[in-house]
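S.K.: Got final_32.txt for you, compact mmCIF, C-alpha atoms:
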```
# COMPACT_ATOMS: atom_id res chain seq x y z
CA MET A 1 4.14 -14.69 -4.89
CA PHE A 2 1.94 -12.29 -6.87
CA LEU A 3 0.46 -10.69 -3.73
CA ASP A 4 3.89 -10.52 -2.10
CA ALA A 5 5.24 -8.53 -5.03
CA PHE A 6 2.41 -6.00 -4.91
CA SER A 7 2.61 -5.75 -1.13
CA ALA A 8 6.33 -5.00 -1.38
CA LEU A 9 5.66 -2.50 -4.18
CA PHE A 10 3.03 -0.67 -2.10
CA ASN A 11 5.41 -0.55 0.88
CA ILE A 12 8.15 0.90 -1.33
CA VAL A 13 5.81 3.46 -2.90
CA GLY A 14 4.52 4.52 0.53
CA SER A 15 8.06 4.91 1.82
CA LEU A 16 9.16 6.85 -1.24
CA LEU A 17 6.22 9.23 -0.95
CA ILE A 18 7.06 10.02 2.67
CA ILE A 19 10.78 10.39 1.91
CA TYR A 20 10.01 12.60 -1.09
CA GLY A 21 7.70 14.76 1.02
CA GLY A 22 10.36 15.13 3.70
CA LEU A 23 13.12 16.00 1.24
CA ARG A 24 10.89 18.47 -0.55
CA ALA A 25 9.96 20.13 2.76
CA ILE A 26 13.65 20.41 3.64
CA SER A 27 14.44 22.03 0.30
CA GLU A 28 11.57 24.48 0.68
CA ILE A 29 12.74 25.42 4.17
CA ILE A 30 16.25 25.98 2.83
CA LEU A 31 14.83 28.20 0.09
CA LEU A 32 12.87 30.10 2.72
CA GLU A 33 15.78 30.62 5.06
CA ILE A 34 18.81 30.99 2.80
CA LEU A 35 17.49 32.32 -0.47
CA LYS A 36 14.60 34.27 1.07
CA LYS A 37 12.23 32.74 -1.45
CA PRO A 38 8.65 33.94 -0.92
CA TYR A 39 7.10 30.83 0.58
CA HIS A 40 5.06 30.14 3.69
CA TYR A 41 5.68 27.51 6.35
CA GLN A 42 1.99 26.58 6.39
CA GLN A 43 2.26 25.57 2.74
CA VAL A 44 5.37 23.48 3.46
CA ARG A 45 3.57 21.74 6.35
CA LYS A 46 0.47 21.13 4.24
CA GLU A 47 2.45 19.53 1.42
CA LEU A 48 4.45 17.35 3.82
CA THR A 49 1.32 16.23 5.64
CA ASN A 50 -0.39 15.36 2.34
CA LYS A 51 2.56 13.16 1.34
CA ILE A 52 2.54 11.43 4.74
CA VAL A 53 -1.20 10.71 4.52
CA PHE A 54 -0.86 9.41 0.96
CA GLY A 55 2.08 7.20 1.99
CA LEU A 56 0.06 5.79 4.89
CA GLU A 57 -2.68 4.77 2.46
CA PHE A 58 -0.16 2.70 0.50
CA PHE A 59 1.01 1.06 3.74
CA ILE A 60 -2.58 0.13 4.57
CA ALA A 61 -3.01 -1.41 1.10
CA ALA A 62 0.19 -3.42 1.59
CA ASP A 63 -1.00 -4.66 4.99
CA ILE A 64 -4.32 -5.75 3.50
CA LEU A 65 -2.55 -7.71 0.75
CA GLU A 66 -0.28 -9.41 3.30
CA THR A 67 -3.31 -10.45 5.34
CA VAL A 68 -5.15 -11.77 2.26
CA ARG A 69 -2.11 -13.95 1.62
CA ASN A 70 -2.07 -15.30 5.19
CA PRO A 71 -5.55 -14.85 6.73
CA SER A 72 -5.03 -16.26 10.23
CA GLN A 73 -7.03 -14.85 13.14
CA GLU A 74 -3.87 -13.31 14.59
CA GLU A 75 -3.07 -11.61 11.26
CA MET A 76 -6.64 -10.29 11.01
CA LEU A 77 -6.44 -8.76 14.50
CA LEU A 78 -3.05 -7.26 13.74
CA LEU A 79 -4.34 -5.84 10.44
CA GLY A 80 -7.39 -4.36 12.14
CA THR A 81 -5.23 -2.68 14.76
CA VAL A 82 -2.71 -1.33 12.26
CA VAL A 83 -5.41 -0.09 9.87
CA PHE A 84 -7.27 1.56 12.75
CA ILE A 85 -4.16 3.37 14.00
CA ARG A 86 -3.13 4.48 10.51
CA THR A 87 -6.67 5.57 9.63
CA VAL A 88 -6.99 7.64 12.81
CA LEU A 89 -3.57 9.17 12.18
CA GLY A 90 -4.49 9.91 8.56
CA TYR A 91 -7.81 11.42 9.61
CA PHE A 92 -6.24 13.83 12.06
CA LEU A 93 -3.45 14.76 9.65
CA SER A 94 -6.03 15.44 6.91
CA LYS A 95 -8.12 17.47 9.34
CA GLU A 96 -5.07 19.53 10.27
CA VAL A 97 -4.32 20.20 6.60
CA SER A 98 -7.87 21.33 5.91
CA GLU A 99 -7.71 23.81 8.80
CA TYR A 100 -4.61 25.63 7.54
CA LYS A 101 -5.14 29.28 6.81
CA LEU A 102 -3.06 29.88 3.69
CA ASP A 103 -2.43 33.37 2.33
```
What do you get writing this file as structure tokens?
M.R.:
Amino acid sequence: MFLDAFSALFNIVGSLLIIYGGLRAISEIILLEILKKPYHYQQVRKELTNKIVFGLEFFIAADILETVRNPSQEEMLLLGTVVFIRTVLGYFLSKEVSEYKLD
């Protein structure tokens, strides 16, 4: 019960971070296009990517807690696969962010 609550909380936080990042990126694009606010697309992409990577880390934590609760061999293999995919995705997103040339 205790681990289930934290797993659900981490899933919610991860989702909220990604949603927040997406909504913020949309608002910044609107400011760029409609209000002609001085802002750069690279900065918008960097901030969105950072939120996605951070959200993925919460999803990984939630998956680990779910596997600790039910540590069958099938769950361990599934966790390993999911963590691997999310880690690789996070790595490449972080690498892309670090390579941005911001003004």
S.K.: Could you list, as JSON, numbers by chain, every residue within 8 Å of Glu47 (chain A), counting all atoms listed in the file and ignoring same-chain residues fewer than 4 positions away?
M.R.: {"A": [21, 25, 43, 51]}
S.K.: With the cut-off set at 9 Å and counting all atoms listed in the file, tabulate each residue of region 11-45 of chain A with an atom at most that distance from an atom of region 54-77 of chain A, showing the nearest atom pair and its distance in Å to one decimal, ordered by chain and increasing number, as JSON lines.
M.R.:
```
{"residue": "A:Asn11", "atom": "CA", "partner": "A:Phe59", "partner_atom": "CA", "distance": 5.5}
{"residue": "A:Ile12", "atom": "CA", "partner": "A:Phe58", "partner_atom": "CA", "distance": 8.7}
{"residue": "A:Val13", "atom": "CA", "partner": "A:Phe58", "partner_atom": "CA", "distance": 6.9}
{"residue": "A:Gly14", "atom": "CA", "partner": "A:Gly55", "partner_atom": "CA", "distance": 3.9}
{"residue": "A:Ser15", "atom": "CA", "partner": "A:Gly55", "partner_atom": "CA", "distance": 6.4}
{"residue": "A:Leu16", "atom": "CA", "partner": "A:Gly55", "partner_atom": "CA", "distance": 7.8}
{"residue": "A:Leu17", "atom": "CA", "partner": "A:Gly55", "partner_atom": "CA", "distance": 5.5}
{"residue": "A:Ile18", "atom": "CA", "partner": "A:Gly55", "partner_atom": "CA", "distance": 5.8}
```
S.K.: Distance CA of Ala5 (chain A)-CA of Val83 (chain A), one decimal place?
M.R.: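 Computing the Euclidean distance for CA of Ala5 (chain A) and CA of Val83 (chain A) yields 20.2 Å.
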S.K.: Rounded to one decimal place, report the CA of Ile29 (chain A)-CA of Thr87 (chain A) distance in Å.
M.R.: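 CA of Thr87 (chain A) lies 28.3 Å from CA of Ile29 (chain A).
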S.K.: Can you work out the spacing between CA of Lys46 (chain A) and CA of Val97 (chain A) in Å, to one decimal?
M.R.: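 For CA of Lys46 (chain A) relative to CA of Val97 (chain A), the distance reads 5.4 Å.
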S.K.: Box time for region 57-72 of chain A: axis-aligned, enclosing all its listed atoms, 3 Å extra on each side; report centre and edge lengths in Å to one decimal, as JSON.
M.R.:
```
{"center_x": -2.3, "center_y": -5.7, "center_z": 5.4, "size_x": 12.6, "size_y": 27.0, "size_z": 15.7}
```
S.K.: Could you pull out every residue with an atom within 8 Å of (6.3, 11.3, 8.4), file coordinates, counting only C-alpha atoms, and send them as a PyMOL selection string?
M.R.: chain A and resi 18-19+22+48-49+52
S.K.: Here is a test: counting only C-alpha atoms, which residue of A:Met1, A:Val88, A:Ser27, A:Tyr20 is nearest to Asn50 (chain A)?
M.R.: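 Among A:Met1, A:Val88, A:Ser27, A:Tyr20, it is A:Tyr20 that comes nearest to Asn50 (chain A).
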S.K.: For a quick check of understanding, using all atoms listed in the file, which of A:Leu23, A:Phe6, A:Leu32, A:Gln42 has the smallest distance to Ser98 (chain A)?
M.R.: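 Of all the options, A:Gln42 lies closest to Ser98 (chain A).
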